[in-house]
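Have a look at model08.txt below; it lists compact mmCIF, C-alpha atoms.
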# COMPACT_ATOMS: atom_id res chain seq x y z
CA MET A 1 123.21 114.52 74.41
CA ILE A 2 119.66 115.66 75.03
CA PHE A 3 118.86 119.25 74.02
CA LYS A 4 116.82 121.58 76.20
CA SER A 5 114.02 121.61 73.61
CA ASN A 6 113.71 117.85 73.96
CA TYR A 7 113.46 118.09 77.75
CA GLU A 8 110.82 120.76 77.33
CA LYS A 9 108.79 118.65 74.92
CA VAL A 10 108.92 115.58 77.18
CA VAL A 11 108.15 117.52 80.40
CA ILE A 12 105.19 119.38 78.86
CA SER A 13 103.74 116.23 77.33
CA ILE A 14 103.88 114.37 80.69
CA LEU A 15 102.46 117.35 82.59
CA LYS A 16 99.55 117.57 80.10
CA GLU A 17 98.82 113.90 80.61
CA ILE A 18 98.96 114.00 84.42
CA ALA A 19 97.08 117.26 84.88
CA SER A 20 94.59 116.40 82.08
CA ASP A 21 95.25 119.92 80.78
CA GLU A 22 96.12 120.58 77.13
CA ASN A 23 96.86 124.27 77.78
CA ILE A 24 100.14 123.73 79.62
CA ASN A 25 103.17 125.42 78.05
CA LYS A 26 106.62 126.57 79.21
CA ASP A 27 105.22 129.75 80.79
CA THR A 28 102.53 127.98 82.82
CA ASN A 29 102.82 128.69 86.54
CA ILE A 30 103.12 125.33 88.27
CA GLN A 31 101.77 126.54 91.62
CA LYS A 32 98.84 128.62 90.38
CA ASP A 33 97.72 127.43 86.95
CA ILE A 34 97.64 123.66 87.25
CA TYR A 35 96.62 121.16 89.86
CA ILE A 36 98.89 118.18 90.38
CA ASP A 37 98.91 116.54 93.81
CA SER A 38 101.88 114.88 95.50
CA MET A 39 101.07 111.51 93.94
CA GLY A 40 100.76 113.16 90.54
CA TRP A 41 104.26 114.61 90.91
CA LEU A 42 105.66 111.20 91.79
CA GLN A 43 103.94 109.72 88.73
CA PHE A 44 105.47 112.61 86.74
CA LEU A 45 108.99 111.68 87.91
CA ILE A 46 108.45 108.00 87.15
CA LYS A 47 107.19 108.76 83.62
CA LEU A 48 110.12 111.15 83.14
CA GLU A 49 112.59 108.42 84.19
CA LYS A 50 111.07 106.03 81.69
CA LYS A 51 111.07 108.54 78.82
CA LEU A 52 114.55 109.92 79.48
CA LYS A 53 115.97 106.54 80.58
CA CYS A 54 117.56 107.94 83.71
CA ASN A 55 117.12 107.77 87.50
CA ILE A 56 115.57 110.63 89.42
CA GLU A 57 115.24 110.41 93.20
CA PRO A 58 111.61 110.62 94.43
CA ASN A 59 112.32 113.66 96.62
CA PHE A 60 113.95 115.58 93.72
CA LEU A 61 111.15 118.16 93.61
CA ALA A 62 111.52 118.91 97.33
CA LYS A 63 115.04 120.16 96.72
CA GLY A 64 114.15 122.95 94.30
CA ASN A 65 111.73 125.82 93.98
CA TYR A 66 110.06 125.81 90.59
CA GLU A 67 107.58 128.49 89.67
CA THR A 68 107.04 127.89 85.97
CA VAL A 69 107.27 124.86 83.69
CA GLU A 70 110.43 126.40 82.20
CA ASP A 71 112.04 126.54 85.69
CA LEU A 72 111.20 122.87 86.11
CA VAL A 73 112.67 121.97 82.70
CA ASN A 74 115.89 123.83 83.61
CA GLY A 75 116.02 122.10 87.01
CA ILE A 76 115.59 118.66 85.47
CA LYS A 77 118.22 119.39 82.79
CA SER A 78 120.80 120.51 85.38
CA TYR A 79 120.01 117.50 87.60
CA ILE A 80 120.46 114.99 84.78
CA ASP A 81 123.54 116.74 83.35
CA SER A 82 125.18 116.69 86.79
CA LYS A 83 124.82 112.91 87.14
CA MET B 1 120.82 93.53 123.16
CA ILE B 2 117.11 92.76 123.65
CA MET B 3 116.34 89.05 123.72
CA GLU B 4 113.89 88.16 120.95
CA ASN B 5 111.49 85.27 121.49
CA GLU B 6 109.52 83.26 118.98
CA THR B 7 105.96 84.54 118.71
CA TYR B 8 103.07 83.60 116.49
CA ILE B 9 99.83 85.02 115.18
CA LYS B 10 97.19 82.70 116.63
CA TYR B 11 93.96 84.39 115.57
CA ILE B 12 92.93 87.15 113.17
CA ASP B 13 89.57 88.83 112.85
CA TYR B 14 88.13 92.12 111.66
CA TYR B 15 84.83 93.93 111.48
CA LEU B 16 83.92 95.92 108.40
CA PRO B 17 80.57 97.72 108.64
CA GLU B 18 78.17 96.74 105.84
CA ASN B 19 76.96 100.33 105.75
CA TYR B 20 78.92 102.51 103.35
CA ILE B 21 79.09 105.83 101.57
CA THR B 22 80.69 106.41 98.19
CA VAL B 23 83.66 108.59 97.29
CA ASP B 24 81.17 110.87 95.44
CA ASP B 25 79.14 111.19 98.68
CA VAL B 26 82.28 112.33 100.53
CA PHE B 27 83.25 114.91 97.91
CA SER B 28 79.76 116.32 97.54
CA SER B 29 79.69 116.96 101.32
CA LEU B 30 82.97 118.86 101.38
CA ASP B 31 83.23 122.64 101.45
CA ALA B 32 83.74 124.21 97.98
CA LYS B 33 86.73 126.12 99.45
CA ILE B 34 88.79 122.90 99.49
CA PHE B 35 88.60 122.67 95.69
CA GLU B 36 88.98 126.41 95.15
CA GLU B 37 92.25 126.32 97.12
CA LYS B 38 93.43 123.44 94.95
CA ASN B 39 92.46 125.39 91.84
CA ILE B 40 90.45 122.47 90.48
CA ASP B 41 86.80 121.81 89.73
CA ARG B 42 85.17 119.46 92.27
CA ASP B 43 83.91 116.98 89.63
CA ILE B 44 87.25 116.82 87.84
CA PHE B 45 89.02 116.30 91.17
CA CYS B 46 86.60 113.54 92.17
CA SER B 47 86.91 111.70 88.88
CA LYS B 48 90.76 111.94 88.91
CA PHE B 49 90.83 110.82 92.56
CA LYS B 50 88.66 107.78 91.87
CA LYS B 51 90.70 106.80 88.81
CA GLU B 52 94.06 107.15 90.57
CA THR B 53 93.18 105.76 94.01
CA ARG B 54 90.56 103.19 92.86
CA LEU B 55 88.71 103.91 96.11
CA ASP B 56 84.96 103.50 95.74
CA LYS B 57 82.95 102.42 98.80
CA ILE B 58 83.87 103.77 102.23
CA SER B 59 82.70 101.65 105.18
CA VAL B 60 80.96 103.71 107.82
CA LEU B 61 79.52 102.75 111.19
CA LYS B 62 75.93 103.93 111.60
CA LYS B 63 75.21 106.46 114.36
CA GLU B 64 73.26 103.81 116.28
CA ASP B 65 76.07 101.20 116.01
CA ASP B 66 77.61 100.67 119.43
CA LEU B 67 81.37 100.27 119.08
CA ALA B 68 81.72 98.76 122.58
CA SER B 69 79.19 96.00 121.94
CA ILE B 70 80.71 95.13 118.54
CA VAL B 71 84.16 94.86 120.15
CA PHE B 72 82.63 92.77 122.96
CA GLY B 73 81.13 90.38 120.38
CA MET B 74 84.47 90.00 118.60
CA VAL B 75 86.42 89.28 121.79
CA ASP B 76 83.71 86.83 122.92
CA LYS B 77 84.00 85.01 119.57
CA LEU B 78 87.80 84.90 119.90
CA LEU B 79 87.60 83.36 123.38
CA LYS B 80 85.09 80.74 122.21
CA GLU B 81 87.02 79.83 119.07
CA THR B 82 90.48 79.70 120.61
CA ARG B 83 89.29 78.37 124.00
CA ILE B 84 91.98 80.46 125.60
CA ASN B 85 91.76 81.03 129.34
CA PRO B 86 91.14 84.77 130.00
CA GLN B 87 93.73 84.52 132.80
CA GLU B 88 96.33 83.78 130.13
CA ILE B 89 95.89 87.09 128.34
CA ASP B 90 98.96 88.93 129.58
CA TYR B 91 98.81 92.08 127.47
CA LEU B 92 95.91 94.00 126.02
CA VAL B 93 97.23 96.35 123.35
CA CYS B 94 95.03 99.03 121.86
CA GLY B 95 95.89 101.04 118.82
CA ASN B 96 93.69 104.10 118.63
CA GLU B 97 92.38 106.85 120.85
CA VAL B 98 88.77 105.88 120.12
CA LEU B 99 89.29 102.72 122.20
CA LEU B 100 90.39 104.78 125.20
CA ARG B 101 87.93 107.63 124.88
CA HIS B 102 84.52 106.63 123.57
CA ASN B 103 81.44 108.32 125.05
CA ASN B 104 83.46 109.13 128.18
CA ALA B 105 84.46 105.50 128.63
CA SER B 106 87.44 103.37 127.70
CA ILE B 107 86.41 100.35 125.63
CA VAL B 108 89.71 98.62 126.30
CA HIS B 109 89.28 98.93 130.09
CA TYR B 110 85.67 97.75 129.70
CA ILE B 111 86.84 94.66 127.77
CA GLN B 112 89.47 93.90 130.40
CA LYS B 113 86.87 93.99 133.16
CA ALA B 114 84.04 92.30 131.20
CA PHE B 115 86.14 89.28 130.23
CA ASP B 116 88.09 89.04 133.45
CA PHE B 117 91.50 89.60 131.87
CA GLU B 118 92.62 90.45 135.37
CA LYS B 119 96.26 89.56 134.83
CA SER B 120 96.60 91.61 131.69
CA THR B 121 98.43 94.90 131.32
CA ILE B 122 96.88 97.49 129.03
CA ILE B 123 99.32 98.98 126.53
CA PRO B 124 98.09 101.92 124.42
CA LEU B 125 100.16 102.27 121.24
CA LEU B 126 99.01 105.49 119.71
CA GLN B 127 100.28 104.98 116.18
CA PRO B 128 96.85 104.14 114.75
CA CYS B 129 97.97 103.13 111.27
CA ALA B 130 100.74 100.87 112.57
CA ALA B 131 99.80 99.78 116.09
CA SER B 132 99.18 96.11 115.19
CA LEU B 133 102.58 95.84 113.52
CA PHE B 134 104.20 97.69 116.43
CA ALA B 135 102.54 95.27 118.88
CA MET B 136 103.63 92.22 116.88
CA GLY B 137 107.18 93.54 117.10
CA LEU B 138 106.91 94.16 120.85
CA SER B 139 105.51 90.65 121.35
CA LYS B 140 108.96 89.29 120.52
CA SER B 141 110.37 91.06 123.57
CA LEU B 142 107.37 90.94 125.91
CA LEU B 143 106.14 87.39 125.48
CA ASP B 144 107.99 84.36 126.81
CA GLU B 145 107.26 81.08 128.60
CA GLU B 146 105.67 82.96 131.49
CA LYS B 147 103.81 85.75 129.70
CA LYS B 148 102.21 83.93 126.83
CA ASN B 149 99.53 85.93 125.09
CA MET B 150 98.88 89.39 123.74
CA LEU B 151 95.50 90.59 122.48
CA ILE B 152 95.77 93.39 119.93
CA LEU B 153 92.68 95.49 119.49
CA THR B 154 92.42 98.31 117.02
CA ALA B 155 89.44 100.40 115.90
CA CYS B 156 88.56 103.37 113.74
CA LYS B 157 85.45 105.51 113.93
CA TRP B 158 85.11 109.00 112.49
CA GLU B 159 82.21 111.20 113.52
CA GLN B 160 82.26 113.83 110.76
CA ILE B 161 82.39 113.25 107.02
CA GLU B 162 84.97 116.09 106.79
CA GLU B 163 87.36 114.01 108.94
CA ARG B 164 87.33 111.23 106.35
CA PHE B 165 88.99 113.06 103.44
CA ILE B 166 92.69 113.57 104.15
CA ASP B 167 93.82 114.59 100.63
CA PHE B 168 95.80 111.41 99.99
CA THR B 169 92.97 109.01 100.81
CA ILE B 170 89.55 108.64 102.48
CA ARG B 171 89.16 107.05 105.89
CA GLY B 172 86.59 104.40 106.76
CA ASP B 173 85.48 102.73 110.00
CA GLY B 174 86.23 99.23 111.27
CA ILE B 175 87.72 97.05 114.00
CA GLY B 176 90.68 94.65 114.00
CA LEU B 177 91.53 91.92 116.48
CA LEU B 178 94.63 89.74 116.74
CA LEU B 179 95.85 87.20 119.24
CA VAL B 180 99.60 86.75 119.36
CA GLY B 181 101.22 84.07 121.49
CA SER B 182 104.56 82.55 122.36
CA ASP B 183 103.60 78.88 121.98
CA THR B 184 102.25 78.20 118.49
CA GLY B 185 100.02 79.69 115.84
CA LEU B 186 99.11 80.22 112.19
CA LEU B 187 102.15 82.30 111.24
CA LYS B 188 105.48 82.92 112.90
CA ILE B 189 106.49 86.54 113.51
CA THR B 190 110.06 86.22 112.26
CA GLY B 191 111.15 89.84 112.38
CA TRP B 192 110.12 93.43 113.00
CA ASN B 193 111.74 96.69 112.15
CA SER B 194 110.65 100.29 112.61
CA CYS B 195 111.94 103.78 112.03
CA ASN B 196 110.66 107.31 112.63
CA LEU B 197 110.89 110.35 110.41
CA GLY B 198 110.67 113.46 112.57
CA ASP B 199 111.62 116.11 110.00
CA SER B 200 108.27 117.87 110.23
CA SER B 201 108.33 118.56 113.98
CA TYR B 202 112.06 119.21 114.02
CA ASN B 203 111.75 121.82 111.28
CA LYS B 204 108.73 123.42 112.98
CA ILE B 205 110.33 123.69 116.42
CA GLU B 206 113.70 124.76 115.07
CA ASN B 207 112.05 127.29 112.69
CA LYS B 208 113.56 125.63 109.65
CA ALA B 209 111.89 125.56 106.23
CA GLN B 210 109.60 122.59 105.55
CA GLY B 211 110.23 120.63 102.34
CA GLN B 212 107.77 121.43 99.55
CA ASP B 213 107.06 117.82 98.69
CA PHE B 214 106.19 115.94 101.89
CA ARG B 215 104.85 112.86 100.11
CA GLY B 216 107.93 112.43 97.89
CA GLY B 217 110.24 112.55 100.92
CA MET B 218 107.99 110.22 102.87
CA ILE B 219 107.87 107.61 100.11
CA SER B 220 111.58 107.95 99.47
CA ARG B 221 112.29 107.20 103.17
CA GLY B 222 109.75 104.36 103.09
CA VAL B 223 111.50 102.78 100.12
CA SER B 224 114.93 102.99 101.78
CA PHE B 225 113.45 101.65 105.05
CA ILE B 226 112.09 98.58 103.21
CA GLU B 227 115.44 98.04 101.43
CA GLU B 228 117.37 98.35 104.73
CA THR B 229 114.98 95.97 106.48
CA LEU B 230 115.20 93.30 103.76
CA ARG B 231 119.00 93.47 104.07
CA LYS B 232 118.73 93.19 107.87
CA PHE B 233 116.52 90.10 107.48
CA ASN B 234 118.76 88.63 104.74
CA LEU B 235 115.69 88.41 102.56
CA GLU B 236 115.89 88.61 98.77
CA LYS B 237 112.98 90.23 96.92
CA ASP B 238 112.28 87.03 95.01
CA GLU B 239 111.72 85.21 98.31
CA ILE B 240 108.75 87.43 99.13
CA GLU B 241 105.36 85.85 98.63
CA LYS B 242 103.22 88.93 99.31
CA VAL B 243 103.52 92.45 100.71
CA ILE B 244 100.47 93.38 102.76
CA VAL B 245 99.98 97.15 102.70
CA PRO B 246 97.24 99.56 103.83
CA ASN B 247 94.29 100.32 101.54
CA VAL B 248 95.21 103.97 101.15
CA ARG B 249 95.17 104.02 97.35
CA TYR B 250 96.10 101.77 94.43
CA ASP B 251 98.67 103.91 92.60
CA VAL B 252 101.02 104.52 95.53
CA TYR B 253 101.96 100.84 95.82
CA TYR B 254 101.22 99.52 92.31
CA ASP B 255 103.03 102.35 90.50
CA VAL B 256 105.29 104.20 92.92
CA TYR B 257 106.63 101.79 95.57
CA SER B 258 107.00 98.97 93.01
CA HIS B 259 108.94 101.31 90.70
CA TYR B 260 111.40 102.57 93.32
CA LEU B 261 111.79 99.15 94.96
CA ARG B 262 112.10 97.45 91.56
CA MET B 263 109.51 94.91 92.66
CA ASN B 264 106.71 93.26 90.72
CA PRO B 265 103.61 95.43 91.43
CA LYS B 266 101.53 92.27 91.75
CA LEU B 267 103.41 91.42 94.96
CA PHE B 268 101.43 94.15 96.75
CA TYR B 269 98.04 93.04 98.10
CA LEU B 270 95.59 95.57 96.70
CA ASP B 271 92.40 93.50 96.39
CA ASN B 272 90.51 95.46 99.06
CA VAL B 273 91.36 99.01 97.97
CA SER B 274 88.02 99.70 96.29
CA ASN B 275 85.92 98.47 99.18
CA GLY B 276 86.16 100.03 102.63
CA GLY B 277 88.45 103.03 102.43
CA HIS B 278 91.57 103.40 104.57
CA ILE B 279 90.80 102.05 108.05
CA CYS B 280 94.06 102.66 109.95
CA ASP B 281 95.93 99.39 110.61
CA ILE B 282 92.70 97.44 110.40
CA ASP B 283 93.59 97.44 106.69
CA ILE B 284 96.60 95.25 107.43
CA VAL B 285 94.64 92.88 109.71
CA ARG B 286 91.87 92.62 107.11
CA ASN B 287 94.18 92.19 104.12
CA LEU B 288 96.24 89.54 105.90
CA LYS B 289 93.15 87.58 106.89
CA ASP B 290 91.64 87.80 103.39
CA TYR B 291 94.94 86.94 101.74
CA LEU B 292 95.42 83.85 103.94
CA GLN B 293 91.88 82.69 103.25
CA ASN B 294 92.43 82.73 99.49
CA ARG B 295 96.11 81.81 99.55
CA LYS B 296 97.27 79.25 97.02
CA GLU B 297 100.12 76.84 97.69
CA THR B 298 103.44 78.50 97.11
CA LYS B 299 107.10 77.71 97.49
CA LYS B 300 107.72 81.14 98.95
CA HIS B 301 106.78 81.53 102.58
CA SER B 302 107.70 85.09 103.51
CA ILE B 303 104.86 87.55 103.93
CA ILE B 304 105.69 91.16 104.65
CA LEU B 305 103.42 93.55 106.50
CA TYR B 306 104.37 97.16 105.82
CA THR B 307 102.82 100.44 106.78
CA PRO B 308 103.78 104.06 107.33
CA ASP B 309 101.84 105.81 110.11
CA VAL B 310 101.50 109.54 109.46
CA GLU B 311 101.01 111.69 112.56
CA ARG B 312 98.82 114.81 112.56
CA THR B 313 102.13 116.69 112.75
CA PHE B 314 103.27 114.99 109.49
CA ASP B 315 105.97 113.05 111.30
CA VAL B 316 106.05 109.45 110.07
CA ASN B 317 106.48 106.10 111.84
CA TYR B 318 107.38 103.19 109.56
CA HIS B 319 106.86 99.56 110.60
CA LEU B 320 107.61 96.30 108.83
CA VAL B 321 106.88 92.78 110.09
CA LEU B 322 108.16 89.59 108.48
CA LEU B 323 105.92 86.53 108.76
CA ASN B 324 106.72 82.94 107.89
CA ASN B 325 104.71 79.73 107.95
CA ALA B 326 104.66 78.19 111.41
CA THR B 327 106.22 74.75 111.14

How does this structure look as structure tokens?
Amino acid sequence: MIFKSNYEKVVISILKEIASDENINKDTNIQKDIYIDSMGWLQFLIKLEKKLKCNIEPNFLAKGNYETVEDLVNGIKSYIDSK
Amino acid sequence: MIMENETYIKYIDYYLPENYITVDDVFSSLDAKIFEEKNIDRDIFCSKFKKETRLDKISVLKKEDDLASIVFGMVDKLLKETRINPQEIDYLVCGNEVLLRHNNASIVHYIQKAFDFEKSTIIPLLQPCAASLFAMGLSKSLLDEEKKNMLILTACKWEQIEERFIDFTIRGDGIGLLLVGSDTGLLKITGWNSCNLGDSSYNKIENKAQGQDFRGGMISRGVSFIEETLRKFNLEKDEIEKVIVPNVRYDVYYDVYSHYLRMNPKLFYLDNVSNGGHICDIDIVRNLKDYLQNRKETKKHSIILYTPDVERTFDVNYHLVLLNNAT
């Protein structure tokens, strides 16, 4: 079982790498505070799959509305737990 | 059921202007608002874009370059090299609006008249990033023992530097020319498949919410389209020699498509990404020609041409052509 804190750590570390932004934390607003383009988000999902050893469909992000990094972490956790 | 005939690629040529601008030139010409809206500094954006896309030089026709005379020269060269009788050109396919409306003239009509292709029918296929693949597919239904040859002409020319940056990639200028015939040729067109993704227009007209992540959905559909097509053609991934794709950017095929298709990223032809920019389906014509010129002997003989064509409306037309050695 993967704990929420582990998801959070993995998600934030990948986001920092893709956005080249060390200031990202769980409260960061995804829409306003960081710039990641559509390709960046796909790279994010691929890196996430590799780190969490799971499959995430490429249009996963289109199916949810995530405002903060924490929302995204919760969305990913529910998605993986439901599989 | 539509009868499918055997057709072949008989001749491939392209024109890439020697004149170019750099990715930095494009970004420094863009309005600061574009980067403000993205909430990113222009220099950081430019350096990330170059690293991720690997685009560098963008081929650009000079203002004084005359598109009609360059196309004329290419068709003239084709006729001399193939020695084909102009009366045997049955279809003249053109793949971009610029060939129909250039300085108040239609280059494709001019070519038909200038070379006396009097028996040919002009077919405009306005899916600029996929028209050559679309035409190759149609050749299997349109060409037979009576109607033998199809000339496929495709061109890209952008007037304003602002038209070149389309977020995902940067567009360059160029011309592509193919001759497809029903008798014999360099490569056999074994199969063609296409599909259209009309979510964007459907959602707009029906007042439904648009998905937040257009690119993710588009790539996801592209991946399933390729998988479905390989199944339709009874082709295993390890039978594929090369996948010829457009020069939109390096990461989308090397990292993303290869990951979701579970294919070796080296199968994708990406040698021309840094030089030229994305030049509609001229990318495919160019990459195929360059790949064949440097091709080493291989036991695998299946070459795939794949491209998505994104409309201004964000609807997408996917095309895939399977090529095999002509025996």

Check which residues of chain A sit at most 8 Å from chain B using all atoms listed in the file, and return one row each with the closest pair of atoms and their distance in Å to one decimal, ordered by chain and rising number, as JSON lines.
{"residue": "A:Lys32", "atom": "CA", "partner": "B:Asn39", "partner_atom": "CA", "distance": 7.3}
{"residue": "A:Asp33", "atom": "CA", "partner": "B:Asn39", "partner_atom": "CA", "distance": 7.5}
{"residue": "A:Ile34", "atom": "CA", "partner": "B:Asn39", "partner_atom": "CA", "distance": 7.1}
{"residue": "A:Tyr35", "atom": "CA", "partner": "B:Asn39", "partner_atom": "CA", "distance": 6.3}
{"residue": "A:Ser38", "atom": "CA", "partner": "B:Arg215", "partner_atom": "CA", "distance": 5.8}
{"residue": "A:Met39", "atom": "CA", "partner": "B:Val252", "partner_atom": "CA", "distance": 7.2}
{"residue": "A:Leu42", "atom": "CA", "partner": "B:Gly216", "partner_atom": "CA", "distance": 6.6}
{"residue": "A:Gln43", "atom": "CA", "partner": "B:Val256", "partner_atom": "CA", "distance": 7.1}
{"residue": "A:Ile46", "atom": "CA", "partner": "B:His259", "partner_atom": "CA", "distance": 7.6}
{"residue": "A:Glu57", "atom": "CA", "partner": "B:Ser220", "partner_atom": "CA", "distance": 7.7}
{"residue": "A:Pro58", "atom": "CA", "partner": "B:Gly216", "partner_atom": "CA", "distance": 5.4}
{"residue": "A:Asn59", "atom": "CA", "partner": "B:Gly216", "partner_atom": "CA", "distance": 4.7}
{"residue": "A:Phe60", "atom": "CA", "partner": "B:Gly216", "partner_atom": "CA", "distance": 8.0}
{"residue": "A:Leu61", "atom": "CA", "partner": "B:Asp213", "partner_atom": "CA", "distance": 6.5}
{"residue": "A:Ala62", "atom": "CA", "partner": "B:Asp213", "partner_atom": "CA", "distance": 4.8}
{"residue": "A:Lys63", "atom": "CA", "partner": "B:Gly211", "partner_atom": "CA", "distance": 7.4}

Atom CA of B:Gly222 to atom CA of B:Leu138 measures 20.7 Å

Distance atom CA of B:Tyr250-atom CA of B:Asn287, one decimal place?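 Taking atom CA of B:Tyr250 as the start and atom CA of B:Asn287 as the end point, the length is 13.8 Å.
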
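Between atom CA of B:Leu99 and atom CA of B:Ile282 lies a distance of 13.4 Å.
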
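Excluding B:Tyr11 itself and any same-chain residue fewer than 4 positions from it, the protein and nucleic acid residues within 8 Å of it, counting all atoms listed in the file, are Leu78, Thr82, Leu177, Leu178, Leu179, Val180, Gly185 and Leu186 of chain B.
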
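Using only C-alpha atoms, the contacts of B:Cys156 at a cut-off of 10 Å, with sequence neighbours closer than 4 positions omitted, comprise Val60, Leu61, Leu67, Gly95, Asn96, Glu97, Val98, Leu99, Pro128, Cys129, Arg171, Gly172, Asp173, Gly174, Ile175, Gly176, His278, Ile279, Cys280, Asp281 and Ile282 of chain B.
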
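Considering the residues A:Phe44, A:Ser82, A:Lys53, A:Thr68 and counting only C-alpha atoms, A:Lys16 has its shortest atom-to-atom contact with A:Phe44.
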
Residues at most 10 Å from A:Gly75, counting all atoms listed in the file, excluding those fewer than 2 positions away in the same chain, as a VMD selection string? chain A and resid 60 to 61 63 to 66 69 to 73 77 to 81

B:Leu322, B:Val310, B:Leu16, B:Val26 ranked by distance to B:Lys157, top pick (using all atoms listed in the file):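 Looking only at the distances to B:Lys157, the closest residue turns out to be B:Leu16.
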
Using all atoms listed in the file, which protein or nucleic acid residues come within 6 Å of B:Asn247? Drop anything in the same chain fewer than 2 positions from it, and give the result as a list in words. Arg249, Val273, His278 and Asp283 of chain B

Residues from last step as file, C-alpha atoms, as a PDB file, keeping the file's coordinate frame:
ATOM      1  CA  ARG B 249      95.170 104.020  97.350  1.00  0.00           C
ATOM      2  CA  VAL B 273      91.360  99.010  97.970  1.00  0.00           C
ATOM      3  CA  HIS B 278      91.570 103.400 104.570  1.00  0.00           C
ATOM      4  CA  ASP B 283      93.590  97.440 106.690  1.00  0.00           C
TER       5      ASP B 283
END

Rebuild stretch 31-48 of chain A to N, CA and C atoms - output it as a tab-separated table (two decimals), keeping the file's coordinate frame, please.
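Heads up, here's the output in rebuild06.tsv:
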chain	number	residue	atom	x	y	z
A	31	GLN	N	102.49	126.44	90.34
A	31	GLN	CA	101.77	126.54	91.62
A	31	GLN	C	100.33	127.02	91.42
A	32	LYS	N	100.16	127.97	90.47
A	32	LYS	CA	98.84	128.62	90.38
A	32	LYS	C	97.95	128.10	89.26
A	33	ASP	N	98.55	127.70	88.13
A	33	ASP	CA	97.72	127.43	86.95
A	33	ASP	C	97.32	125.98	86.76
A	34	ILE	N	98.01	125.07	87.44
A	34	ILE	CA	97.64	123.66	87.25
A	34	ILE	C	97.52	122.98	88.59
A	35	TYR	N	96.72	121.92	88.62
A	35	TYR	CA	96.62	121.16	89.86
A	35	TYR	C	97.21	119.76	89.66
A	36	ILE	N	98.31	119.53	90.32
A	36	ILE	CA	98.89	118.18	90.38
A	36	ILE	C	99.20	117.92	91.85
A	37	ASP	N	98.65	116.82	92.39
A	37	ASP	CA	98.91	116.54	93.81
A	37	ASP	C	100.24	115.80	93.96
A	38	SER	N	100.57	115.49	95.23
A	38	SER	CA	101.88	114.88	95.50
A	38	SER	C	102.05	113.55	94.76
A	39	MET	N	100.98	112.77	94.67
A	39	MET	CA	101.07	111.51	93.94
A	39	MET	C	101.27	111.76	92.46
A	40	GLY	N	100.61	112.79	91.95
A	40	GLY	CA	100.76	113.16	90.54
A	40	GLY	C	102.21	113.52	90.22
A	41	TRP	N	102.86	114.24	91.14
A	41	TRP	CA	104.26	114.61	90.91
A	41	TRP	C	105.17	113.40	90.92
A	42	LEU	N	104.84	112.42	91.79
A	42	LEU	CA	105.66	111.20	91.79
A	42	LEU	C	105.46	110.43	90.48
A	43	GLN	N	104.22	110.39	90.00
A	43	GLN	CA	103.94	109.72	88.73
A	43	GLN	C	104.68	110.46	87.60
A	44	PHE	N	104.76	111.79	87.73
A	44	PHE	CA	105.47	112.61	86.74
A	44	PHE	C	106.95	112.19	86.68
A	45	LEU	N	107.57	112.05	87.87
A	45	LEU	CA	108.99	111.68	87.91
A	45	LEU	C	109.22	110.28	87.34
A	46	ILE	N	108.30	109.38	87.65
A	46	ILE	CA	108.45	108.00	87.15
A	46	ILE	C	108.34	107.97	85.62
A	47	LYS	N	107.36	108.71	85.09
A	47	LYS	CA	107.19	108.76	83.62
A	47	LYS	C	108.41	109.43	82.96
A	48	LEU	N	108.93	110.44	83.64
A	48	LEU	CA	110.12	111.15	83.14
A	48	LEU	C	111.32	110.19	83.09
